[in-house]
>>> print(open('data-v5.cif').read())   # mmCIF, N, CA and C atoms
data_entry
loop_
_atom_site.label_atom_id
_atom_site.label_comp_id
_atom_site.auth_asym_id
_atom_site.auth_seq_id
_atom_site.Cartn_x
_atom_site.Cartn_y
_atom_site.Cartn_z
N MET D 1193 22.07 120.23 79.49
CA MET D 1193 20.96 121.15 79.68
C MET D 1193 20.24 120.77 80.98
N ALA D 1194 20.00 121.76 81.77
CA ALA D 1194 19.30 121.52 83.04
C ALA D 1194 17.81 121.31 82.79
N GLN D 1195 17.24 120.39 83.56
CA GLN D 1195 15.80 120.14 83.48
C GLN D 1195 15.24 120.03 84.89
N ARG D 1196 13.95 120.31 85.00
CA ARG D 1196 13.22 120.12 86.26
C ARG D 1196 11.96 119.34 85.94
N THR D 1197 11.51 118.55 86.91
CA THR D 1197 10.32 117.74 86.74
C THR D 1197 9.30 118.13 87.79
N TYR D 1198 8.04 118.26 87.36
CA TYR D 1198 6.94 118.62 88.24
C TYR D 1198 5.83 117.60 88.05
N THR D 1199 5.16 117.21 89.15
CA THR D 1199 4.04 116.27 89.06
C THR D 1199 2.80 116.86 89.72
N LYS D 1200 1.66 116.39 89.25
CA LYS D 1200 0.38 116.80 89.82
C LYS D 1200 -0.58 115.63 89.66
N THR D 1201 -1.48 115.47 90.62
CA THR D 1201 -2.46 114.40 90.60
C THR D 1201 -3.80 114.95 90.15
N PHE D 1202 -4.47 114.19 89.26
CA PHE D 1202 -5.75 114.60 88.69
C PHE D 1202 -6.80 113.53 88.91
N ASN D 1203 -8.06 113.96 89.10
CA ASN D 1203 -9.19 113.04 89.03
C ASN D 1203 -9.89 113.29 87.69
N VAL D 1204 -10.98 112.58 87.42
CA VAL D 1204 -11.65 112.71 86.12
C VAL D 1204 -12.09 114.15 85.86
N LYS D 1205 -12.69 114.80 86.83
CA LYS D 1205 -13.19 116.16 86.64
C LYS D 1205 -12.06 117.14 86.33
N SER D 1206 -10.97 117.06 87.07
CA SER D 1206 -9.86 117.98 86.81
C SER D 1206 -9.18 117.68 85.48
N LEU D 1207 -9.18 116.40 85.06
CA LEU D 1207 -8.67 116.06 83.73
C LEU D 1207 -9.52 116.71 82.64
N GLU D 1208 -10.84 116.62 82.78
CA GLU D 1208 -11.74 117.21 81.79
C GLU D 1208 -11.52 118.72 81.68
N GLU D 1209 -11.37 119.40 82.81
CA GLU D 1209 -11.15 120.85 82.79
C GLU D 1209 -9.82 121.20 82.13
N PHE D 1210 -8.79 120.45 82.45
CA PHE D 1210 -7.47 120.70 81.87
C PHE D 1210 -7.49 120.47 80.36
N ILE D 1211 -8.15 119.41 79.91
CA ILE D 1211 -8.27 119.12 78.48
C ILE D 1211 -8.93 120.29 77.76
N GLU D 1212 -10.03 120.78 78.29
CA GLU D 1212 -10.75 121.90 77.65
C GLU D 1212 -9.88 123.15 77.58
N ASP D 1213 -9.16 123.45 78.65
CA ASP D 1213 -8.27 124.61 78.64
C ASP D 1213 -7.18 124.47 77.58
N LEU D 1214 -6.58 123.29 77.48
CA LEU D 1214 -5.52 123.08 76.50
C LEU D 1214 -6.05 123.12 75.07
N LYS D 1215 -7.26 122.60 74.85
CA LYS D 1215 -7.84 122.66 73.51
C LYS D 1215 -8.09 124.11 73.09
N LYS D 1216 -8.53 124.94 74.02
CA LYS D 1216 -8.72 126.36 73.72
C LYS D 1216 -7.40 127.00 73.32
N VAL D 1217 -6.36 126.68 74.05
CA VAL D 1217 -5.04 127.23 73.73
C VAL D 1217 -4.60 126.77 72.35
N ARG D 1218 -4.74 125.48 72.07
CA ARG D 1218 -4.28 124.96 70.78
C ARG D 1218 -5.02 125.62 69.63
N SER D 1219 -6.30 125.94 69.82
CA SER D 1219 -7.08 126.56 68.74
C SER D 1219 -6.71 128.02 68.52
N GLN D 1220 -5.95 128.62 69.42
CA GLN D 1220 -5.59 130.03 69.31
C GLN D 1220 -4.22 130.25 68.68
N TYR D 1221 -3.63 129.25 68.08
CA TYR D 1221 -2.28 129.40 67.58
C TYR D 1221 -2.15 130.29 66.35
N ASP D 1222 -3.23 130.91 65.90
CA ASP D 1222 -3.13 131.89 64.81
C ASP D 1222 -2.38 133.13 65.30
N GLU D 1223 -2.61 133.48 66.53
CA GLU D 1223 -1.90 134.61 67.12
C GLU D 1223 -0.87 134.04 68.08
N GLU D 1224 0.35 133.92 67.58
CA GLU D 1224 1.38 133.17 68.29
C GLU D 1224 1.64 133.68 69.70
N GLU D 1225 1.78 134.98 69.87
CA GLU D 1225 2.09 135.49 71.21
C GLU D 1225 0.99 135.16 72.19
N GLU D 1226 -0.26 135.38 71.78
CA GLU D 1226 -1.39 135.11 72.68
C GLU D 1226 -1.44 133.64 73.05
N ALA D 1227 -1.24 132.78 72.08
CA ALA D 1227 -1.32 131.34 72.34
C ALA D 1227 -0.17 130.87 73.22
N ALA D 1228 1.02 131.36 72.94
CA ALA D 1228 2.16 130.95 73.75
C ALA D 1228 1.98 131.39 75.20
N PHE D 1229 1.48 132.58 75.38
CA PHE D 1229 1.24 133.07 76.74
C PHE D 1229 0.17 132.23 77.43
N ALA D 1230 -0.92 131.96 76.71
CA ALA D 1230 -2.01 131.16 77.28
C ALA D 1230 -1.51 129.77 77.66
N ALA D 1231 -0.69 129.17 76.81
CA ALA D 1231 -0.18 127.84 77.10
C ALA D 1231 0.64 127.84 78.38
N SER D 1232 1.53 128.79 78.49
CA SER D 1232 2.36 128.83 79.69
C SER D 1232 1.53 129.11 80.94
N MET D 1233 0.51 129.95 80.80
CA MET D 1233 -0.32 130.28 81.96
C MET D 1233 -1.12 129.07 82.44
N ILE D 1234 -1.59 128.24 81.53
CA ILE D 1234 -2.35 127.06 81.94
C ILE D 1234 -1.49 126.15 82.82
N PHE D 1235 -0.27 125.89 82.38
CA PHE D 1235 0.61 125.05 83.19
C PHE D 1235 0.90 125.71 84.53
N THR D 1236 1.07 127.03 84.52
CA THR D 1236 1.35 127.75 85.76
C THR D 1236 0.15 127.74 86.69
N TRP D 1237 -1.05 128.01 86.15
CA TRP D 1237 -2.26 128.03 86.95
C TRP D 1237 -2.48 126.71 87.66
N LEU D 1238 -2.16 125.64 87.00
CA LEU D 1238 -2.37 124.33 87.60
C LEU D 1238 -1.36 124.04 88.70
N GLY D 1239 -0.41 124.91 88.84
CA GLY D 1239 0.58 124.70 89.87
C GLY D 1239 1.58 123.62 89.50
N ILE D 1240 1.62 123.26 88.22
CA ILE D 1240 2.54 122.21 87.81
C ILE D 1240 3.94 122.79 87.66
N ILE D 1241 4.02 123.99 87.09
CA ILE D 1241 5.32 124.60 86.80
C ILE D 1241 5.44 125.89 87.59
N GLY D 1242 6.62 126.13 88.09
CA GLY D 1242 6.88 127.42 88.73
C GLY D 1242 7.17 127.27 90.20
N GLY D 1243 7.34 128.38 90.82
CA GLY D 1243 7.68 128.37 92.24
C GLY D 1243 9.05 128.98 92.44
N PRO D 1244 9.69 128.63 93.53
CA PRO D 1244 10.97 129.25 93.84
C PRO D 1244 12.05 129.00 92.80
N GLY D 1245 11.94 127.90 92.05
CA GLY D 1245 12.99 127.54 91.10
C GLY D 1245 12.94 128.25 89.77
N GLY D 1246 11.89 128.99 89.49
CA GLY D 1246 11.79 129.69 88.22
C GLY D 1246 10.35 129.96 87.87
N VAL D 1247 10.16 130.63 86.74
CA VAL D 1247 8.81 130.95 86.28
C VAL D 1247 8.58 130.29 84.93
N CYS D 1248 7.33 129.99 84.64
CA CYS D 1248 7.01 129.39 83.35
C CYS D 1248 7.27 130.41 82.25
N VAL D 1249 7.74 129.94 81.13
CA VAL D 1249 8.10 130.82 80.02
C VAL D 1249 6.89 131.66 79.59
N THR D 1250 7.15 132.92 79.25
CA THR D 1250 6.08 133.84 78.84
C THR D 1250 6.10 134.04 77.34
N ALA D 1251 5.05 134.68 76.83
CA ALA D 1251 4.92 134.90 75.39
C ALA D 1251 6.07 135.71 74.83
N SER D 1252 6.43 136.79 75.51
CA SER D 1252 7.48 137.65 74.97
C SER D 1252 8.81 136.91 74.87
N ILE D 1253 9.06 136.00 75.81
CA ILE D 1253 10.29 135.22 75.75
C ILE D 1253 10.19 134.15 74.67
N LEU D 1254 9.01 133.50 74.55
CA LEU D 1254 8.84 132.46 73.53
C LEU D 1254 8.93 133.01 72.12
N THR D 1255 8.55 134.24 71.92
CA THR D 1255 8.62 134.81 70.57
C THR D 1255 9.86 135.67 70.40
N GLY D 1256 10.70 135.71 71.42
CA GLY D 1256 11.93 136.50 71.36
C GLY D 1256 13.14 135.63 71.59
N ALA D 1257 13.74 135.79 72.77
CA ALA D 1257 15.01 135.14 73.08
C ALA D 1257 14.96 133.62 72.99
N LEU D 1258 13.82 133.02 73.28
CA LEU D 1258 13.71 131.56 73.25
C LEU D 1258 12.73 131.09 72.17
N ALA D 1259 12.70 131.80 71.05
CA ALA D 1259 11.73 131.50 69.99
C ALA D 1259 11.85 130.07 69.47
N TYR D 1260 13.03 129.49 69.52
CA TYR D 1260 13.20 128.12 69.03
C TYR D 1260 12.43 127.11 69.87
N TYR D 1261 11.92 127.51 71.02
CA TYR D 1261 11.10 126.62 71.85
C TYR D 1261 9.61 126.71 71.53
N TYR D 1262 9.23 127.62 70.65
CA TYR D 1262 7.80 127.82 70.38
C TYR D 1262 7.13 126.52 69.93
N ASP D 1263 7.71 125.85 68.94
CA ASP D 1263 7.13 124.59 68.45
C ASP D 1263 7.14 123.51 69.53
N THR D 1264 8.17 123.52 70.36
CA THR D 1264 8.24 122.55 71.45
C THR D 1264 7.07 122.71 72.41
N VAL D 1265 6.76 123.96 72.78
CA VAL D 1265 5.63 124.20 73.68
C VAL D 1265 4.33 123.76 73.01
N GLN D 1266 4.17 124.08 71.72
CA GLN D 1266 2.97 123.67 71.00
C GLN D 1266 2.86 122.14 70.98
N ASN D 1267 3.96 121.45 70.72
CA ASN D 1267 3.94 119.98 70.70
C ASN D 1267 3.66 119.41 72.08
N THR D 1268 4.17 120.06 73.12
CA THR D 1268 3.91 119.60 74.49
C THR D 1268 2.43 119.71 74.80
N ILE D 1269 1.78 120.77 74.32
CA ILE D 1269 0.34 120.93 74.53
C ILE D 1269 -0.42 119.80 73.84
N THR D 1270 -0.06 119.51 72.59
CA THR D 1270 -0.73 118.44 71.85
C THR D 1270 -0.53 117.09 72.55
N THR D 1271 0.68 116.82 73.00
CA THR D 1271 0.96 115.59 73.75
C THR D 1271 0.14 115.54 75.03
N ALA D 1272 0.08 116.66 75.74
CA ALA D 1272 -0.68 116.72 77.00
C ALA D 1272 -2.14 116.39 76.76
N ILE D 1273 -2.73 116.94 75.71
CA ILE D 1273 -4.14 116.66 75.41
C ILE D 1273 -4.35 115.17 75.17
N SER D 1274 -3.48 114.55 74.39
CA SER D 1274 -3.60 113.11 74.11
C SER D 1274 -3.49 112.28 75.38
N VAL D 1275 -2.50 112.60 76.21
CA VAL D 1275 -2.30 111.86 77.46
C VAL D 1275 -3.50 112.04 78.38
N LEU D 1276 -3.97 113.27 78.51
CA LEU D 1276 -5.10 113.56 79.39
C LEU D 1276 -6.36 112.83 78.94
N GLU D 1277 -6.64 112.86 77.63
CA GLU D 1277 -7.83 112.18 77.11
C GLU D 1277 -7.75 110.67 77.34
N LYS D 1278 -6.58 110.11 77.11
CA LYS D 1278 -6.39 108.67 77.30
C LYS D 1278 -6.69 108.27 78.75
N TYR D 1279 -6.14 109.01 79.70
CA TYR D 1279 -6.32 108.63 81.10
C TYR D 1279 -7.66 109.05 81.66
N LYS D 1280 -8.28 110.07 81.10
CA LYS D 1280 -9.66 110.41 81.49
C LYS D 1280 -10.57 109.24 81.12
N ASP D 1281 -10.43 108.74 79.88
CA ASP D 1281 -11.23 107.59 79.44
C ASP D 1281 -10.93 106.37 80.30
N TYR D 1282 -9.67 106.16 80.61
CA TYR D 1282 -9.29 105.00 81.42
C TYR D 1282 -9.94 105.06 82.79
N LEU D 1283 -9.88 106.22 83.45
CA LEU D 1283 -10.49 106.35 84.77
C LEU D 1283 -12.01 106.17 84.72
N GLN D 1284 -12.63 106.67 83.64
CA GLN D 1284 -14.08 106.53 83.51
C GLN D 1284 -14.49 105.08 83.26
N ASN D 1285 -13.64 104.31 82.58
CA ASN D 1285 -13.97 102.93 82.22
C ASN D 1285 -13.47 101.89 83.21
N HIS D 1286 -12.69 102.28 84.17
CA HIS D 1286 -12.13 101.35 85.16
C HIS D 1286 -12.36 101.92 86.55
N SER D 1287 -13.44 101.49 87.17
CA SER D 1287 -13.86 102.07 88.45
C SER D 1287 -12.91 101.76 89.60
N ASN D 1288 -11.99 100.85 89.40
CA ASN D 1288 -11.02 100.54 90.46
C ASN D 1288 -9.93 101.62 90.56
N TYR D 1289 -9.87 102.52 89.60
CA TYR D 1289 -8.86 103.58 89.60
C TYR D 1289 -9.55 104.93 89.71
N ASP D 1290 -8.99 105.82 90.54
CA ASP D 1290 -9.64 107.12 90.74
C ASP D 1290 -8.75 108.33 90.46
N LEU D 1291 -7.44 108.13 90.37
CA LEU D 1291 -6.52 109.25 90.16
C LEU D 1291 -5.40 108.86 89.21
N VAL D 1292 -4.87 109.86 88.51
CA VAL D 1292 -3.69 109.66 87.70
C VAL D 1292 -2.69 110.75 88.06
N LYS D 1293 -1.43 110.37 88.15
CA LYS D 1293 -0.36 111.34 88.46
C LYS D 1293 0.36 111.65 87.15
N LEU D 1294 0.41 112.94 86.82
CA LEU D 1294 1.02 113.38 85.58
C LEU D 1294 2.28 114.17 85.87
N GLU D 1295 3.18 114.14 84.90
CA GLU D 1295 4.49 114.77 85.08
C GLU D 1295 4.79 115.69 83.89
N VAL D 1296 5.32 116.85 84.20
CA VAL D 1296 5.80 117.78 83.17
C VAL D 1296 7.30 117.93 83.37
N ILE D 1297 8.05 117.78 82.29
CA ILE D 1297 9.49 117.99 82.33
C ILE D 1297 9.77 119.31 81.63
N CYS D 1298 10.56 120.15 82.27
CA CYS D 1298 10.85 121.48 81.74
C CYS D 1298 12.34 121.67 81.54
N ASP D 1299 12.70 122.29 80.42
CA ASP D 1299 14.06 122.78 80.26
C ASP D 1299 14.18 124.05 81.07
N VAL D 1300 15.33 124.27 81.64
CA VAL D 1300 15.58 125.46 82.45
C VAL D 1300 16.52 126.37 81.66
N LYS D 1301 16.08 127.58 81.39
CA LYS D 1301 16.88 128.56 80.65
C LYS D 1301 16.92 129.86 81.42
N ARG D 1302 18.06 130.50 81.40
CA ARG D 1302 18.21 131.78 82.08
C ARG D 1302 18.36 132.88 81.03
N VAL D 1303 17.47 133.89 81.09
CA VAL D 1303 17.49 135.03 80.17
C VAL D 1303 17.32 136.29 81.01
N ASN D 1304 18.22 137.24 80.85
CA ASN D 1304 18.14 138.52 81.55
C ASN D 1304 17.92 138.34 83.05
N ASN D 1305 18.70 137.49 83.67
CA ASN D 1305 18.66 137.25 85.12
C ASN D 1305 17.36 136.64 85.62
N THR D 1306 16.57 136.05 84.73
CA THR D 1306 15.35 135.35 85.13
C THR D 1306 15.46 133.90 84.67
N THR D 1307 15.11 132.98 85.54
CA THR D 1307 15.12 131.56 85.19
C THR D 1307 13.74 131.18 84.66
N TYR D 1308 13.70 130.68 83.42
CA TYR D 1308 12.45 130.29 82.78
C TYR D 1308 12.36 128.77 82.68
N LEU D 1309 11.16 128.26 82.89
CA LEU D 1309 10.88 126.84 82.78
C LEU D 1309 10.04 126.62 81.53
N ILE D 1310 10.55 125.82 80.60
CA ILE D 1310 9.89 125.60 79.32
C ILE D 1310 9.40 124.16 79.27
N PRO D 1311 8.07 123.94 79.24
CA PRO D 1311 7.55 122.57 79.21
C PRO D 1311 7.94 121.86 77.92
N VAL D 1312 8.67 120.74 78.05
CA VAL D 1312 9.13 120.00 76.87
C VAL D 1312 8.61 118.58 76.80
N ASP D 1313 8.03 118.07 77.89
CA ASP D 1313 7.48 116.72 77.87
C ASP D 1313 6.38 116.62 78.92
N PHE D 1314 5.39 115.77 78.64
CA PHE D 1314 4.23 115.61 79.52
C PHE D 1314 3.82 114.16 79.45
N LYS D 1315 3.74 113.48 80.60
CA LYS D 1315 3.37 112.06 80.57
C LYS D 1315 2.72 111.64 81.87
N ALA D 1316 2.02 110.51 81.80
CA ALA D 1316 1.43 109.90 82.99
C ALA D 1316 2.50 109.03 83.64
N VAL D 1317 2.58 109.08 84.97
CA VAL D 1317 3.59 108.29 85.65
C VAL D 1317 3.01 107.27 86.62
N ALA D 1318 1.73 107.45 87.05
CA ALA D 1318 1.15 106.50 88.00
C ALA D 1318 -0.37 106.58 88.00
N LEU D 1319 -1.00 105.46 88.32
CA LEU D 1319 -2.46 105.39 88.53
C LEU D 1319 -2.70 104.99 89.97
N HIS D 1320 -3.75 105.55 90.57
CA HIS D 1320 -4.10 105.19 91.94
C HIS D 1320 -5.21 104.14 91.92
N SER D 1321 -4.94 103.01 92.56
CA SER D 1321 -5.89 101.91 92.66
C SER D 1321 -6.65 102.02 93.98
N LEU D 1322 -7.95 101.74 93.92
CA LEU D 1322 -8.77 101.75 95.13
C LEU D 1322 -8.68 100.43 95.88
N ASN D 1323 -8.53 99.32 95.13
CA ASN D 1323 -8.51 98.00 95.75
C ASN D 1323 -7.58 97.07 94.98
N PRO D 1324 -6.43 96.75 95.49
CA PRO D 1324 -5.86 97.22 96.75
C PRO D 1324 -5.44 98.68 96.62
N SER D 1325 -5.49 99.37 97.71
CA SER D 1325 -5.19 100.80 97.70
C SER D 1325 -3.70 101.04 97.48
N GLY D 1326 -3.40 101.96 96.58
CA GLY D 1326 -2.00 102.32 96.35
C GLY D 1326 -1.77 102.81 94.93
N TRP D 1327 -0.58 103.31 94.71
CA TRP D 1327 -0.18 103.83 93.40
C TRP D 1327 0.50 102.74 92.59
N ILE D 1328 0.15 102.67 91.31
CA ILE D 1328 0.77 101.75 90.37
C ILE D 1328 1.58 102.59 89.39
N MET D 1329 2.88 102.39 89.38
CA MET D 1329 3.75 103.16 88.49
C MET D 1329 3.56 102.68 87.05
N LEU D 1330 3.55 103.60 86.13
CA LEU D 1330 3.37 103.26 84.71
C LEU D 1330 4.70 103.19 84.00
#
>>> encode(input="data-v5.cif", output="structure tokens")
Amino acid sequence: MAQRTYTKTFNVKSLEEFIEDLKKVRSQYDEEEEAAFAASMIFTWLGIIGGPGGVCVTASILTGALAYYYDTVQNTITTAISVLEKYKDYLQNHSNYDLVKLEVICDVKRVNNTTYLIPVDFKAVALHSLNPSGWIML
């Protein structure tokens, strides 16, 4: 199965905003299509997923041709919230660090001549240290 990996760097403020957006999405899972669409849009809005290589999976695809990925996307959101909260707290409690680099791994699926990117994993990969300056791989 083909996969693609995307990374983005966050500071405390952007982590807080992302956490709030994901919590809103998670609370909307009563209406599956709306929630699935919102989840995919959050990852897309952040510029983590998408671009020339494909588009983030949409609600109609998640509840149709790729319905078996619905729980995976929901679990990825829950994992993302946990990771984001952990590193937001870490950055707030350790003034020597100011940024965290996060990674999303996506399965690549082709449906009706469109390449879809389905977020299946989310993790922190590096912290930025102020002194000495540089990235520390996790």
>>> axis_aligned_box(input="data-v5.cif", around="region 1314-1325 of chain D", padding_each_side="6 Å", output="JSON")
{"center_x": -1.7, "center_y": 106.3, "center_z": 88.2, "size_x": 26.2, "size_y": 31.0, "size_z": 31.1}
>>> residues_around(input="data-v5.cif", residues="Ile1273 (chain D)", least_positions_apart="4", cutoff="7 Å", atoms="only N, CA and C atoms", output="list in words")
Ile1211, Leu1214, Lys1215, Thr1268, Ile1269, Glu1277 and Lys1278 of chain D
>>> write_last_selection(input="data-v5.cif", atoms="N, CA and C atoms", output="CSV table (one decimal), in the coordinates of the input")
chain,number,residue,atom,x,y,z
D,1211,ILE,N,-8.2,119.4,79.9
D,1211,ILE,CA,-8.3,119.1,78.5
D,1211,ILE,C,-8.9,120.3,77.8
D,1214,LEU,N,-6.6,123.3,77.5
D,1214,LEU,CA,-5.5,123.1,76.5
D,1214,LEU,C,-6.0,123.1,75.1
D,1215,LYS,N,-7.3,122.6,74.8
D,1215,LYS,CA,-7.8,122.7,73.5
D,1215,LYS,C,-8.1,124.1,73.1
D,1268,THR,N,4.2,120.1,73.1
D,1268,THR,CA,3.9,119.6,74.5
D,1268,THR,C,2.4,119.7,74.8
D,1269,ILE,N,1.8,120.8,74.3
D,1269,ILE,CA,0.3,120.9,74.5
D,1269,ILE,C,-0.4,119.8,73.8
D,1277,GLU,N,-6.6,112.9,77.6
D,1277,GLU,CA,-7.8,112.2,77.1
D,1277,GLU,C,-7.8,110.7,77.3
D,1278,LYS,N,-6.6,110.1,77.1
D,1278,LYS,CA,-6.4,108.7,77.3
D,1278,LYS,C,-6.7,108.3,78.8
>>> resolve_selection(input="data-v5.cif", expression="the PyMOL selection byres ((chain D and resi 1330) around 6.5)", output="PyMOL selection string")
chain D and resi 1316-1319+1328-1329
>>> atom_distance(input="data-v5.cif", atom1="atom N of Val1217 (chain D)", atom2="atom N of Val1296 (chain D)")
18.3 Å
>>> select_by_dssp(input="data-v5.cif", residues="region 1265-1319 of chain D", states="strand (DSSP E)", output="MDAnalysis selection string")
chainID D and resid 1289:1303 1306:1319
>>> atom_distance(input="data-v5.cif", atom1="atom N of Asn1323 (chain D)", atom2="CA of Tyr1289 (chain D)")
7.0 Å
>>> atom_distance(input="data-v5.cif", atom1="CA of Asn1304 (chain D)", atom2="CA of Thr1199 (chain D)")
27.4 Å
>>> resolve_selection(input="data-v5.cif", expression="the PyMOL selection byres ((chain D and resi 1202) around 6.5)", output="PyMOL selection string")
chain D and resi 1200-1201+1203-1207+1290-1294
>>> closest_residue(input="data-v5.cif", among="D:Val1275, D:Leu1283, D:Ala1194, D:Cys1298", to="Lys1315 (chain D)", atoms="only N, CA and C atoms")
D:Val1275
>>> closest_residue(input="data-v5.cif", among="D:Leu1258, D:Tyr1198, D:Met1193, D:His1320", to="Glu1295 (chain D)", atoms="all atoms listed in the file")
D:Tyr1198
>>> residues_around(input="data-v5.cif", residues="Val1265 (chain D)", least_positions_apart="6", cutoff="7 Å", atoms="all atoms listed in the file", output="ChimeraX atom specification")
/D:1310-1312
>>> closest_residue(input="data-v5.cif", among="D:Glu1209, D:Ser1325, D:Tyr1261, D:Val1300", to="Lys1280 (chain D)", atoms="only C-alpha atoms")
D:Glu1209
>>> closest_residue(input="data-v5.cif", among="D:Asn1288, D:Tyr1262, D:Asp1213, D:Ala1272", to="Leu1322 (chain D)", atoms="only N, CA and C atoms")
D:Asn1288
>>> closest_residue(input="data-v5.cif", among="D:Pro1324, D:Tyr1308, D:Asp1299, D:Asp1313", to="Gln1195 (chain D)", atoms="only N, CA and C atoms")
D:Asp1299
>>> decode(input="data-v5.cif", residues="region 1264-1281 of chain D", atoms="N, CA and C atoms", output="mmCIF file, in the first residue's frame")
data_model
loop_
_atom_site.group_PDB
_atom_site.id
_atom_site.type_symbol
_atom_site.label_atom_id
_atom_site.label_comp_id
_atom_site.auth_asym_id
_atom_site.auth_seq_id
_atom_site.Cartn_x
_atom_site.Cartn_y
_atom_site.Cartn_z
ATOM 1 N N THR D 1264 -10.592 4.690 11.050
ATOM 2 C CA THR D 1264 -9.177 5.058 11.038
ATOM 3 C C THR D 1264 -9.006 6.561 11.145
ATOM 4 N N VAL D 1265 -9.797 7.318 10.382
ATOM 5 C CA VAL D 1265 -9.706 8.780 10.446
ATOM 6 C C VAL D 1265 -10.100 9.264 11.835
ATOM 7 N N GLN D 1266 -11.164 8.683 12.406
ATOM 8 C CA GLN D 1266 -11.585 9.064 13.753
ATOM 9 C C GLN D 1266 -10.470 8.772 14.766
ATOM 10 N N ASN D 1267 -9.839 7.613 14.663
ATOM 11 C CA ASN D 1267 -8.746 7.266 15.572
ATOM 12 C C ASN D 1267 -7.539 8.173 15.376
ATOM 13 N N THR D 1268 -7.274 8.567 14.136
ATOM 14 C CA THR D 1268 -6.166 9.483 13.869
ATOM 15 C C THR D 1268 -6.418 10.827 14.531
ATOM 16 N N ILE D 1269 -7.664 11.281 14.518
ATOM 17 C CA ILE D 1269 -8.011 12.545 15.181
ATOM 18 C C ILE D 1269 -7.770 12.437 16.683
ATOM 19 N N THR D 1270 -8.217 11.339 17.291
ATOM 20 C CA THR D 1270 -8.023 11.140 18.728
ATOM 21 C C THR D 1270 -6.531 11.094 19.065
ATOM 22 N N THR D 1271 -5.757 10.382 18.271
ATOM 23 C CA THR D 1271 -4.308 10.329 18.471
ATOM 24 C C THR D 1271 -3.694 11.712 18.334
ATOM 25 N N ALA D 1272 -4.119 12.452 17.314
ATOM 26 C CA ALA D 1272 -3.579 13.799 17.087
ATOM 27 C C ALA D 1272 -3.834 14.694 18.289
ATOM 28 N N ILE D 1273 -5.030 14.640 18.852
ATOM 29 C CA ILE D 1273 -5.353 15.466 20.020
ATOM 30 C C ILE D 1273 -4.419 15.125 21.179
ATOM 31 N N SER D 1274 -4.217 13.841 21.436
ATOM 32 C CA SER D 1274 -3.329 13.425 22.532
ATOM 33 C C SER D 1274 -1.902 13.909 22.317
ATOM 34 N N VAL D 1275 -1.397 13.727 21.106
ATOM 35 C CA VAL D 1275 -0.029 14.153 20.792
ATOM 36 C C VAL D 1275 0.101 15.662 20.924
ATOM 37 N N LEU D 1276 -0.866 16.391 20.386
ATOM 38 C CA LEU D 1276 -0.823 17.855 20.435
ATOM 39 C C LEU D 1276 -0.858 18.368 21.869
ATOM 40 N N GLU D 1277 -1.740 17.793 22.698
ATOM 41 C CA GLU D 1277 -1.832 18.231 24.096
ATOM 42 C C GLU D 1277 -0.537 17.944 24.848
ATOM 43 N N LYS D 1278 0.034 16.781 24.607
ATOM 44 C CA LYS D 1278 1.288 16.413 25.272
ATOM 45 C C LYS D 1278 2.394 17.416 24.943
ATOM 46 N N TYR D 1279 2.548 17.744 23.674
ATOM 47 C CA TYR D 1279 3.640 18.636 23.287
ATOM 48 C C TYR D 1279 3.335 20.099 23.552
ATOM 49 N N LYS D 1280 2.073 20.476 23.593
ATOM 50 C CA LYS D 1280 1.717 21.840 24.013
ATOM 51 C C LYS D 1280 2.148 22.034 25.462
ATOM 52 N N ASP D 1281 1.807 21.059 26.324
ATOM 53 C CA ASP D 1281 2.215 21.125 27.729
ATOM 54 C C ASP D 1281 3.737 21.128 27.856
#
